[in-house]
Structure formats: structure tokens, C-alpha cells
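Coordinates from coords14.txt are shown below (compact mmCIF, C-alpha atoms and all ligand atoms).
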```
# COMPACT_ATOMS: atom_id res chain seq x y z
CA MET A 747 50.39 13.35 92.11
CA LYS A 748 52.23 15.83 89.89
CA SER A 749 54.91 14.54 87.54
CA ALA A 750 56.90 15.70 84.54
CA LEU A 751 55.79 13.63 81.53
CA ILE A 752 56.55 13.15 77.86
CA HIS A 753 54.11 11.82 75.25
CA GLU A 754 56.60 11.93 72.37
CA PHE A 755 60.37 12.12 71.82
CA GLY A 756 62.08 15.42 71.15
CA SER A 757 63.91 18.33 72.74
CA PRO A 758 63.10 19.28 76.38
CA ASP A 759 60.17 21.21 74.83
CA VAL A 760 58.16 17.96 74.79
CA LEU A 761 58.10 17.91 78.61
CA VAL A 762 54.77 18.73 80.20
CA ALA A 763 53.64 18.86 83.81
CA GLY A 764 50.81 16.41 84.37
CA GLU A 765 48.96 14.23 86.83
CA ALA A 766 50.26 10.67 87.09
CA THR A 767 48.94 7.70 89.04
CA LEU A 768 51.36 6.06 91.42
CA ARG A 769 51.59 2.35 90.66
CA THR A 770 50.70 -0.09 93.44
CA PRO A 771 53.85 -1.05 95.37
CA GLN A 772 54.96 -4.70 95.55
CA PRO A 773 55.69 -6.20 99.01
CA GLU A 774 59.44 -5.49 98.64
CA GLU A 775 58.88 -1.90 97.47
CA VAL A 776 58.45 1.46 99.20
CA VAL A 777 56.72 4.75 98.38
CA VAL A 778 59.05 7.77 98.52
CA SER A 779 58.00 11.40 98.73
CA VAL A 780 60.60 13.00 96.44
CA GLU A 781 62.34 16.02 97.96
CA ALA A 782 64.96 16.56 95.25
CA ALA A 783 65.96 15.01 91.94
CA SER A 784 69.04 15.66 89.84
CA VAL A 785 69.16 15.87 86.07
CA ASN A 786 71.63 13.83 84.04
CA PRO A 787 72.52 14.08 80.34
CA LEU A 788 70.98 10.59 80.15
CA ASP A 789 67.55 12.13 80.86
CA VAL A 790 68.00 14.48 77.91
CA LYS A 791 69.06 11.56 75.68
CA ILE A 792 66.10 9.39 76.77
CA ILE A 793 63.66 12.25 76.09
CA ALA A 794 65.24 12.69 72.65
CA GLY A 795 64.62 8.99 71.93
CA TYR A 796 68.33 8.21 71.48
CA MET A 797 68.45 5.58 74.22
CA GLN A 798 65.62 3.31 72.97
CA PRO A 799 68.01 0.44 72.08
CA ILE A 800 69.44 0.44 75.64
CA PHE A 801 66.76 1.91 77.92
CA PRO A 802 63.45 1.58 76.04
CA VAL A 803 60.56 3.67 77.34
CA THR A 804 56.84 3.78 76.54
CA PHE A 805 54.50 6.80 76.62
CA PRO A 806 53.50 8.51 78.75
CA TYR A 807 57.00 8.39 80.24
CA ALA A 808 57.85 10.17 83.50
CA PRO A 809 61.57 11.01 83.30
CA GLY A 810 64.21 11.26 86.03
CA THR A 811 66.42 8.68 87.76
CA ASP A 812 68.42 10.27 90.61
CA PHE A 813 66.43 11.37 93.65
CA SER A 814 66.34 11.81 97.41
CA GLY A 815 63.33 11.97 99.69
CA VAL A 816 61.43 10.58 102.63
CA ILE A 817 59.83 7.13 102.80
CA GLU A 818 56.05 7.37 103.10
CA SER A 819 55.22 3.68 103.41
CA VAL A 820 56.93 0.30 103.09
CA GLY A 821 55.76 -3.04 101.71
CA GLU A 822 55.21 -5.99 104.02
CA ARG A 823 58.52 -7.67 103.11
CA VAL A 824 60.65 -4.57 103.74
CA ARG A 825 62.69 -5.02 106.92
CA HIS A 826 65.56 -2.53 106.93
CA LEU A 827 63.62 0.68 106.14
CA LYS A 828 60.60 2.41 107.68
CA ALA A 829 58.30 5.36 107.04
CA GLY A 830 60.08 8.61 107.80
CA ASP A 831 63.57 7.43 106.74
CA ARG A 832 65.50 9.92 104.61
CA VAL A 833 66.87 8.11 101.55
CA VAL A 834 68.75 8.51 98.27
CA GLY A 835 68.47 6.29 95.22
CA ARG A 836 68.30 5.84 91.48
CA THR A 837 65.44 4.39 89.47
CA THR A 838 65.96 2.16 86.44
CA PRO A 839 66.15 4.58 83.47
CA SER A 840 63.40 2.75 81.56
CA HIS A 841 61.10 3.26 84.58
CA GLY A 842 62.21 6.85 85.36
CA GLY A 843 59.77 8.70 87.60
CA ALA A 844 62.13 10.84 89.70
CA PHE A 845 60.86 14.20 88.38
CA ALA A 846 57.64 13.73 90.34
CA GLN A 847 56.20 14.25 93.79
CA GLN A 848 56.26 10.53 94.66
CA LEU A 849 57.73 7.32 93.28
CA VAL A 850 57.65 3.58 93.96
CA ILE A 851 60.96 1.71 94.12
CA ALA A 852 62.44 -1.51 95.52
CA ALA A 853 63.78 -0.98 99.04
CA ALA A 854 67.04 -2.65 97.96
CA GLU A 855 67.77 0.31 95.66
CA LEU A 856 67.85 2.83 98.52
CA CYS A 857 70.50 4.12 100.91
CA VAL A 858 69.65 5.98 104.13
CA ILE A 859 71.11 9.49 104.47
CA PRO A 860 71.85 11.27 107.74
CA ALA A 861 69.93 14.32 108.98
CA SER A 862 73.06 16.39 108.35
CA MET A 863 72.90 15.75 104.60
CA GLY A 864 70.70 18.03 102.52
CA PHE A 865 68.26 16.49 100.06
CA GLU A 866 69.83 18.47 97.20
CA GLN A 867 73.31 17.18 98.02
CA ALA A 868 72.02 13.60 98.23
CA ALA A 869 70.11 13.76 94.95
CA ALA A 870 73.26 14.95 93.19
CA LEU A 871 75.14 11.77 94.06
CA PRO A 872 73.83 8.54 92.49
CA THR A 873 74.86 8.75 88.83
CA ALA A 874 77.68 11.30 89.15
CA TYR A 875 79.47 9.65 92.07
CA GLY A 876 78.74 6.08 91.00
CA THR A 877 79.91 6.59 87.42
CA ALA A 878 83.07 8.37 88.54
CA ALA A 879 83.95 5.59 91.00
CA GLN A 880 83.18 2.83 88.50
CA ALA A 881 85.17 4.50 85.70
CA LEU A 882 88.22 5.27 87.85
CA PHE A 883 88.50 2.23 90.08
CA ASP A 884 86.43 -0.71 88.75
CA VAL A 885 87.17 -0.16 85.05
CA GLY A 886 90.28 2.05 85.24
CA LYS A 887 91.98 0.20 88.14
CA LEU A 888 93.40 3.52 89.34
CA GLN A 889 96.18 3.19 91.94
CA PRO A 890 97.69 5.72 94.39
CA GLY A 891 100.44 7.80 92.82
CA GLN A 892 99.14 7.41 89.26
CA ARG A 893 98.54 10.27 86.85
CA VAL A 894 94.94 10.70 85.70
CA LEU A 895 93.42 13.04 83.10
CA ILE A 896 89.75 13.89 83.71
CA HIS A 897 87.81 15.56 80.91
CA ALA A 898 84.96 17.98 81.73
CA GLY A 899 86.17 18.44 85.29
CA ALA A 900 83.39 20.94 86.05
CA GLY A 901 80.60 18.53 85.06
CA GLY A 902 78.59 16.20 87.25
CA VAL A 903 80.81 13.15 86.77
CA GLY A 904 84.05 15.13 86.37
CA SER A 905 83.62 17.10 89.60
CA MET A 906 83.22 13.82 91.51
CA ALA A 907 86.03 12.07 89.65
CA ILE A 908 88.55 14.81 90.47
CA GLN A 909 87.80 14.48 94.18
CA LEU A 910 87.88 10.67 94.18
CA ALA A 911 91.19 10.56 92.30
CA GLN A 912 92.69 13.17 94.61
CA LEU A 913 91.51 11.28 97.70
CA ALA A 914 93.11 8.14 96.24
CA GLY A 915 96.47 9.91 96.18
CA CYS A 916 96.72 10.48 92.42
CA HIS A 917 98.10 13.37 90.39
CA VAL A 918 95.01 14.89 88.80
CA ILE A 919 94.90 16.84 85.54
CA ALA A 920 91.47 18.11 84.46
CA THR A 921 90.04 19.98 81.49
CA ALA A 922 87.65 22.91 81.93
CA SER A 923 86.88 26.29 80.40
CA ALA A 924 88.45 29.42 81.91
CA LYS A 925 85.44 30.25 84.10
CA ASN A 926 85.71 26.89 85.86
CA ILE A 927 89.48 26.67 86.42
CA GLU A 928 89.38 27.87 90.04
CA LEU A 929 86.46 25.55 90.84
CA VAL A 930 88.24 22.53 89.41
CA LYS A 931 91.43 23.39 91.33
CA SER A 932 89.42 23.74 94.53
CA LEU A 933 88.10 20.21 94.00
CA GLY A 934 91.66 18.86 93.93
CA ALA A 935 93.00 19.14 90.38
CA ASP A 936 96.78 19.63 90.41
CA GLU A 937 96.77 20.96 86.84
CA VAL A 938 93.94 22.35 84.69
CA ILE A 939 93.91 22.56 80.89
CA ASP A 940 91.66 25.31 79.50
CA TYR A 941 90.31 23.25 76.61
CA ARG A 942 89.19 26.33 74.69
CA SER A 943 92.66 27.88 74.45
CA GLN A 944 95.02 24.93 74.99
CA THR A 945 95.57 21.50 73.49
CA LEU A 946 96.78 18.43 75.37
CA GLU A 947 100.28 18.97 74.01
CA GLY A 948 102.62 18.85 76.98
CA VAL A 949 100.45 16.39 78.92
CA ARG A 950 102.44 13.13 79.14
CA ASP A 951 102.70 9.76 80.91
CA ILE A 952 99.05 9.52 81.89
CA ASP A 953 98.03 6.19 83.41
CA LEU A 954 94.29 6.73 83.02
CA VAL A 955 92.06 9.07 81.02
CA LEU A 956 88.42 9.52 82.01
CA ASP A 957 86.74 10.46 78.73
CA THR A 958 83.36 12.15 79.15
CA LEU A 959 83.22 13.70 75.68
CA GLY A 960 84.32 11.33 72.88
CA GLY A 961 85.09 12.63 69.36
CA GLU A 962 88.22 14.76 68.98
CA THR A 963 88.81 14.82 72.73
CA LEU A 964 88.99 11.02 72.82
CA GLU A 965 91.17 10.95 69.71
CA GLU A 966 93.63 13.43 71.22
CA SER A 967 93.66 11.55 74.52
CA TRP A 968 95.46 8.49 73.10
CA GLN A 969 98.58 10.68 72.68
CA VAL A 970 98.92 11.49 76.39
CA LEU A 971 98.94 7.89 77.67
CA ARG A 972 102.04 6.15 78.95
CA PRO A 973 102.75 2.77 77.32
CA GLY A 974 100.09 0.38 78.64
CA GLY A 975 97.84 3.26 79.75
CA HIS A 976 94.06 3.05 79.72
CA ILE A 977 91.04 5.14 78.68
CA SER A 978 87.69 4.71 80.46
CA THR A 979 85.09 6.30 78.21
CA LEU A 980 81.51 7.16 79.14
CA VAL A 981 80.41 7.91 75.60
CA GLU A 982 82.21 5.78 72.99
CA PHE A 983 80.57 2.34 72.93
CA ASN A 984 82.93 0.91 70.31
CA ILE A 985 86.26 1.98 71.73
CA GLN A 986 89.21 -0.22 70.68
CA GLY A 987 92.67 -0.24 72.25
CA ARG A 988 95.61 0.98 70.20
CA ASP A 989 99.43 0.97 70.26
CA GLY A 990 99.61 -1.13 73.42
CA CYS A 991 97.06 1.05 75.29
CA THR A 992 93.60 -0.13 76.26
CA GLY A 993 90.17 1.45 76.18
CA GLU A 994 86.87 0.38 77.69
CA PHE A 995 83.32 1.72 77.66
CA VAL A 996 81.88 2.25 81.15
CA PHE A 997 78.28 1.15 81.55
CA PHE A 998 76.86 2.54 84.79
CA ALA A 999 74.04 0.18 85.68
CA SER A 1000 73.39 0.59 89.40
CA ALA A 1001 74.16 3.11 92.15
CA VAL A 1002 73.61 0.54 94.91
CA PRO A 1003 77.28 -0.54 95.27
CA PHE A 1004 78.44 3.09 95.50
CA LEU A 1005 75.90 5.03 97.56
CA PRO A 1006 76.92 3.99 101.10
CA GLU A 1007 80.53 5.08 100.49
CA ALA A 1008 79.36 8.31 98.80
CA VAL A 1009 77.26 9.18 101.86
CA ARG A 1010 80.16 8.28 104.20
CA GLN A 1011 82.62 10.47 102.27
CA PHE A 1012 80.18 13.39 102.33
CA SER A 1013 79.46 12.95 106.04
CA ALA A 1014 83.21 12.90 106.77
CA GLY A 1015 83.56 16.26 104.98
CA ARG A 1016 85.66 14.79 102.18
CA LEU A 1017 83.25 15.39 99.29
CA GLN A 1018 82.08 18.72 97.88
CA ILE A 1019 78.85 18.61 95.93
CA ILE A 1020 78.58 21.36 93.34
CA ILE A 1021 75.05 22.54 92.59
CA ASP A 1022 74.62 24.55 89.41
CA SER A 1023 70.98 25.50 89.93
CA SER A 1024 67.68 24.31 91.34
CA PHE A 1025 64.27 24.34 89.60
CA THR A 1026 60.67 23.69 90.61
CA LEU A 1027 58.82 20.70 89.15
CA SER A 1028 56.85 22.99 86.84
CA ASP A 1029 60.21 24.27 85.51
CA THR A 1030 61.55 20.78 84.68
CA ARG A 1031 61.85 21.78 81.04
CA ALA A 1032 64.23 24.65 81.94
CA ALA A 1033 66.29 22.28 84.09
CA LEU A 1034 66.64 19.85 81.19
CA GLU A 1035 67.50 22.68 78.80
CA LYS A 1036 70.30 23.74 81.14
CA VAL A 1037 71.80 20.25 81.13
CA ALA A 1038 71.34 19.99 77.35
CA THR A 1039 73.75 22.94 76.92
CA ALA A 1040 76.55 20.65 78.25
CA HIS A 1041 77.80 23.61 80.28
CA ALA A 1042 76.15 23.13 83.66
CA ARG A 1043 78.57 23.49 86.57
CA GLY A 1044 78.11 20.42 88.75
CA LYS A 1045 74.52 19.27 89.08
CA VAL A 1046 71.14 20.74 88.09
CA LEU A 1047 68.38 19.95 90.63
CA ILE A 1048 64.59 19.75 90.61
CA ARG A 1049 62.61 20.26 93.84
CA PRO A 1050 59.16 18.65 93.38
CA GLY A 1051 57.90 20.07 96.65
CA THR A 1052 58.52 23.69 95.66
N1 LIG B 1 78.27 5.40 80.15
C1 LIG B 1 77.61 5.71 81.26
O1 LIG B 1 77.11 4.82 81.99
C2 LIG B 1 77.48 7.17 81.64
C3 LIG B 1 77.21 7.53 82.97
C4 LIG B 1 77.16 8.90 83.31
C5 LIG B 1 77.35 9.86 82.32
N2 LIG B 1 77.57 9.48 81.03
C6 LIG B 1 77.79 10.47 79.96
O2 LIG B 1 78.98 11.19 80.28
C7 LIG B 1 78.88 12.51 79.79
C8 LIG B 1 79.21 13.49 80.94
O3 LIG B 1 78.21 13.41 81.94
P1 LIG B 1 78.08 14.56 83.05
O4 LIG B 1 76.90 14.25 83.87
O5 LIG B 1 79.38 14.78 83.72
O6 LIG B 1 77.78 15.81 82.09
P2 LIG B 1 77.57 17.34 82.48
O7 LIG B 1 77.53 17.51 83.95
O8 LIG B 1 76.41 17.84 81.69
O9 LIG B 1 78.88 18.03 81.89
C9 LIG B 1 78.89 19.42 81.80
C10 LIG B 1 80.32 19.92 81.85
O10 LIG B 1 81.03 19.57 80.65
C11 LIG B 1 82.02 20.56 80.45
N3 LIG B 1 82.41 20.55 79.06
C12 LIG B 1 81.61 20.71 77.97
N4 LIG B 1 82.35 20.61 76.85
C13 LIG B 1 83.64 20.39 77.25
C14 LIG B 1 84.88 20.18 76.55
N5 LIG B 1 84.95 20.17 75.21
N6 LIG B 1 86.00 19.95 77.29
C15 LIG B 1 85.96 19.93 78.65
N7 LIG B 1 84.82 20.13 79.35
C16 LIG B 1 83.68 20.35 78.65
C17 LIG B 1 81.37 21.85 80.87
O11 LIG B 1 82.35 22.71 81.38
P3 LIG B 1 82.55 24.18 80.75
O12 LIG B 1 81.24 24.90 80.98
O13 LIG B 1 83.71 24.68 81.51
O14 LIG B 1 82.77 23.98 79.28
C18 LIG B 1 80.37 21.42 81.98
O15 LIG B 1 80.81 21.76 83.25
C19 LIG B 1 77.45 12.66 79.24
O16 LIG B 1 77.48 12.47 77.85
C20 LIG B 1 76.69 11.52 79.90
O17 LIG B 1 75.58 11.08 79.17
C21 LIG B 1 77.62 8.16 80.68
```
Write out the structure in this file as C-alpha cells.
Amino acid sequence: MKSALIHEFGSPDVLVAGEATLRTPQPEEVVVSVEAASVNPLDVKIIAGYMQPIFPVTFPYAPGTDFSGVIESVGERVRHLKAGDRVVGRTTPSHGGAFAQQLVIAAAELCVIPASMGFEQAAALPTAYGTAAQALFDVGKLQPGQRVLIHAGAGGVGSMAIQLAQLAGCHVIATASAKNIELVKSLGADEVIDYRSQTLEGVRDIDLVLDTLGGETLEESWQVLRPGGHISTLVEFNIQGRDGCTGEFVFFASAVPFLPEAVRQFSAGRLQIIIDSSFTLSDTRAALEKVATAHARGKVLIRPGT
């Protein structure tokens, strides 16, 4: 079967399209025919070799974690899924394999999607939705009525976080560049800061900041918190609280706890999924380059069947 592969670390240029052998499934595993996969900044970082201490990979490595597709076959111990089921899931980053025509994964990692949900929409969900929910509610303990600042509101995680915070009854302030202000408002942001022409001066009494950027953005974010406020950061491993405020790194490890609710919210018409662009498997490199710019709008998709 065809798969994107790397044989060395580097920029997305190191990606090649190749033939890979599907490993033999264990009794609790299934074979999925991949219909769509979504690209995350994590894929770019793994390909660059930056994630070796956390998610070590060996060569040849087939990248990609978030995917949707159709089950081709199930192992003898799989009870709740069958061939033909439409599913969404996320592979372990060290295993990868989503930017390919087929993959093998434990049945327990999958969530069934309804016929009304497109494969592209489903593939966009695992990391973006799961990270947003974990950062806001599990780590950030966000409560109705609170004020939340979401950085990079037009990104994969940010676009989900705005909607989840709005659905939870919070006052949502998001950062975005001018071209994305209307999009971010349409997702539910009450206020938008154009980060290219405005600072955070004037933003006050924030209960929770979702930091997707680190560096100066994180530094500036401490000033907007109310006493006792909190920062959930996706990028600063060594965050320390300061001046009575707390900070915590969010480590998104599994989509399993989040996918059923994500699918329910989408099916109920409460979740918009923003697709930046869609690429064929042979154009995986271009898809990764798009994400590497850090200016994709929502999610970048790969369609292995096209
Ligand atoms: N710790 C974890 O477990 C975990 C999990 C998921 C993600 N992450 C990390 O979180 C980060 C965000 O992930 P993502 O998937 O949301 O990324 P993404 O989709 O690639 O983010 C792209 C968005 O960032 C916006 N952006 C870029 N620079 C900005 C700035 N200075 N201020 C405000 N917005 C800016 C862009 O908007 P404009 O075009 O308008 O500039 C674009 O829409 C990545 O570094 C990722 O690796 C970590």
C-alpha cells in the first residue's frame, strides 16, 4: 500500500511517497482503509526530529496520527466493531501511519462516526478537539461565566477551543490576524485581538488563558489574568506559576476520552469544522509545508484515496 515515508529527519522536503507493508494485526486490532487524515504541527516537529525525547521514531517512519476511514477487517477479539464501520481515531505518534492508504490500530482507539459526518470533518477532530477540551476543562477547570483568552483562534486547536468555551457559557476573547477576525467571531469569539496591530493592553480579569504560542505571547499573557487565574500552555513544558497565578503544560496523550462527545456535538450541529485545504497522498509534502507556515486556517487534510 502507498504511504508517506521519511528516511531521515528534516524539513517536509524529506517526505517521500513509497510502498509500505501493513503489519500483521493482533487479535484486538483492526485494519482501516484511510479516507482522510489531518496534519498537526506535531507531525512537522516529529519529521524535524524535535520530538525524539518524547515520541521516538525509527526509520523508515510513516507519519500522521489523526485519521478517519472504513474498517476493512477486525481481529478475532474485537466485539464492538465490524468491517464496513466508518470510524475516526488517532494513532500513537511514535507509530504514526495515518498518511497512508491503510493502517492497523487497536479497536479501543476508534470511535464510530455517523453516515452524516464527512470523512474530512471527522479526521479534523482527534487532536484539535481533544487538546482544546483537555486544556480548557481538564487542566483549565473552565466554568460557565468565566472569561477566557484563546491564542491563535484561527488554528486547529484554537478554532475548536473558541467553540467549546462559547458552548460552556464563557466570555471568549481570541487572537487572530486581520484576515481571520470574521471567522473567529463566527465561531463564537465575543472579542478578537488582531495580534499584528494590537497588544493585550486593555484585556483584563481573565480566568483562563489557552496559550498555543509560548514566547512573548505567553509572557504578555500573565498580565491579563485575574488574581488566581490560570494559563494552560500547549508549548511551554517548563511553565511556572507567578504572582499568585498558576500555569500548567497540557500533554495531549489520547483522543479516546474526547471523540464520542466531539462526534455528538458535530452531529447536533453545534460544532463547525474549518478546513483550510485538502491534498492528495502524493502531495503530503505540500500539506506539511502549509502547516509548517503556522498560518493554516483550521485544519489541513490529506485524502489517501485521491
Ligand atoms: N501539548 C500538546 O499536547 C499539544 C497538542 C496540540 C497542539 N500542540 C501545539 O499547539 C500549537 C498550536 O497547534 P494548532 O494545531 O492549533 O496549530 P495551527 O493550526 O498550525 O495554528 C495555526 C494558526 O496560528 C495562528 N497564529 C500564528 N501565529 C500567531 C500569533 N502570533 N498570534 C495569534 N495567532 C497566530 C494563525 O493565524 P493567522 O494566520 O491569523 O496568523 C493560524 O491560524 C502547536 O505548536 C502544536 O504543536 C500541543
Residues within 6 Å of region 981-985 of chain A, all atoms listed in the file, excluding chain neighbours under 6 positions, as a ChimeraX atom specification
/A:960,993,995
So which residues are close to (77.7, 25.2, 80.9), meaning at most 10 Å away in the file's coordinates with all atoms listed in the file counted, and can you show them as a list in words?
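Protein and nucleic acid residues near the point are Ala900, Gly901, Ser923, Lys925, Asn926, Asp1022, Lys1036, Val1037, Ala1038, Thr1039, Ala1040, His1041, Ala1042, Arg1043 and Gly1044 of chain A.
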Best match for closeness to ligand LIG 1 (chain B) among A:Leu954, A:Ala922, A:Ala868, A:Ile977, counting only C-alpha atoms and all ligand atoms
A:Ala922
Hey, what's within 9 Å of Gln969 (chain A) if we count all atoms listed in the file and toss same-chain stuff fewer than 5 positions away? As a PDB file with C-alpha atoms, in the frame of the given file, please?
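That gives us out-v9.pdb:
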```pdb
ATOM      1  CA  LEU A 946      96.780  18.430  75.370  1.00  0.00           C
ATOM      2  CA  GLU A 947     100.280  18.970  74.010  1.00  0.00           C
ATOM      3  CA  VAL A 949     100.450  16.390  78.920  1.00  0.00           C
ATOM      4  CA  ARG A 950     102.440  13.130  79.140  1.00  0.00           C
TER       5      ARG A 950
END
```
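Excluding Ala750 (chain A) itself and any same-chain residue fewer than 6 positions from it, the protein and nucleic acid residues within 9 Å of it, counting only C-alpha atoms, are Leu761, Val762, Ala763, Gly764, Glu765, Ala766, Tyr807, Ala808, Pro809, Gly810, Gly843, Ala844, Phe845, Ala846, Leu1027, Ser1028, Thr1030 and Arg1031 of chain A.
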For the residues selected in the previous step, produce a file with C-alpha atoms as a PDB file, in the frame of the given file.
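Printed below is selection.pdb as written:
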```pdb
ATOM      1  CA  LEU A 761      58.100  17.910  78.610  1.00  0.00           C
ATOM      2  CA  VAL A 762      54.770  18.730  80.200  1.00  0.00           C
ATOM      3  CA  ALA A 763      53.640  18.860  83.810  1.00  0.00           C
ATOM      4  CA  GLY A 764      50.810  16.410  84.370  1.00  0.00           C
ATOM      5  CA  GLU A 765      48.960  14.230  86.830  1.00  0.00           C
ATOM      6  CA  ALA A 766      50.260  10.670  87.090  1.00  0.00           C
ATOM      7  CA  TYR A 807      57.000   8.390  80.240  1.00  0.00           C
ATOM      8  CA  ALA A 808      57.850  10.170  83.500  1.00  0.00           C
ATOM      9  CA  PRO A 809      61.570  11.010  83.300  1.00  0.00           C
ATOM     10  CA  GLY A 810      64.210  11.260  86.030  1.00  0.00           C
ATOM     11  CA  GLY A 843      59.770   8.700  87.600  1.00  0.00           C
ATOM     12  CA  ALA A 844      62.130  10.840  89.700  1.00  0.00           C
ATOM     13  CA  PHE A 845      60.860  14.200  88.380  1.00  0.00           C
ATOM     14  CA  ALA A 846      57.640  13.730  90.340  1.00  0.00           C
ATOM     15  CA  LEU A1027      58.820  20.700  89.150  1.00  0.00           C
ATOM     16  CA  SER A1028      56.850  22.990  86.840  1.00  0.00           C
ATOM     17  CA  THR A1030      61.550  20.780  84.680  1.00  0.00           C
ATOM     18  CA  ARG A1031      61.850  21.780  81.040  1.00  0.00           C
TER      19      ARG A1031
END
```
Which value, in Å to one decimal, gives the distance between CA of Gln889 (chain A) and CA of Ala914 (chain A)?
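According to the coordinates, CA of Gln889 (chain A) and CA of Ala914 (chain A) are separated by 7.2 Å.
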Report as lines of an AutoDock Vina configuration file the centre and the edge lengths, in Å to one decimal, of the axis-aligned box holding every listed atom of ligand LIG 1 (chain B), padded by 5 Å on each side.
```
center_x = 80.8
center_y = 14.9
center_z = 79.6
size_x = 20.4
size_y = 30.1
size_z = 18.7
```
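One distance worth recording is that between CA of Ile800 (chain A) and CA of Ser1000 (chain A), which is 14.3 Å.
Closest approach to Leu856 (chain A) from the set A:Gly1015, A:Gly821, A:Pro1006, A:Gly975 is made by A:Pro1006, with distances taken over only C-alpha atoms.
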Distance criterion (all atoms listed in the file): nearest to Thr1052 (chain A) out of A:Ser967, A:Ser932, A:Thr804, A:Gln847:
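Among the listed residues, A:Gln847 lies closest to Thr1052 (chain A).
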Find the spatial neighbours of region 1010-1012 of chain A, counting all atoms listed in the file, within a cut-off of 10 Å - ignore same-chain residues fewer than 4 positions away - and output them as a list in words.
Ile859, Pro860, Ser862, Met863, Gln867, Ala868, Leu871, Leu910, Leu1005, Pro1006, Arg1016, Leu1017, Gln1018 and Ile1019 of chain A
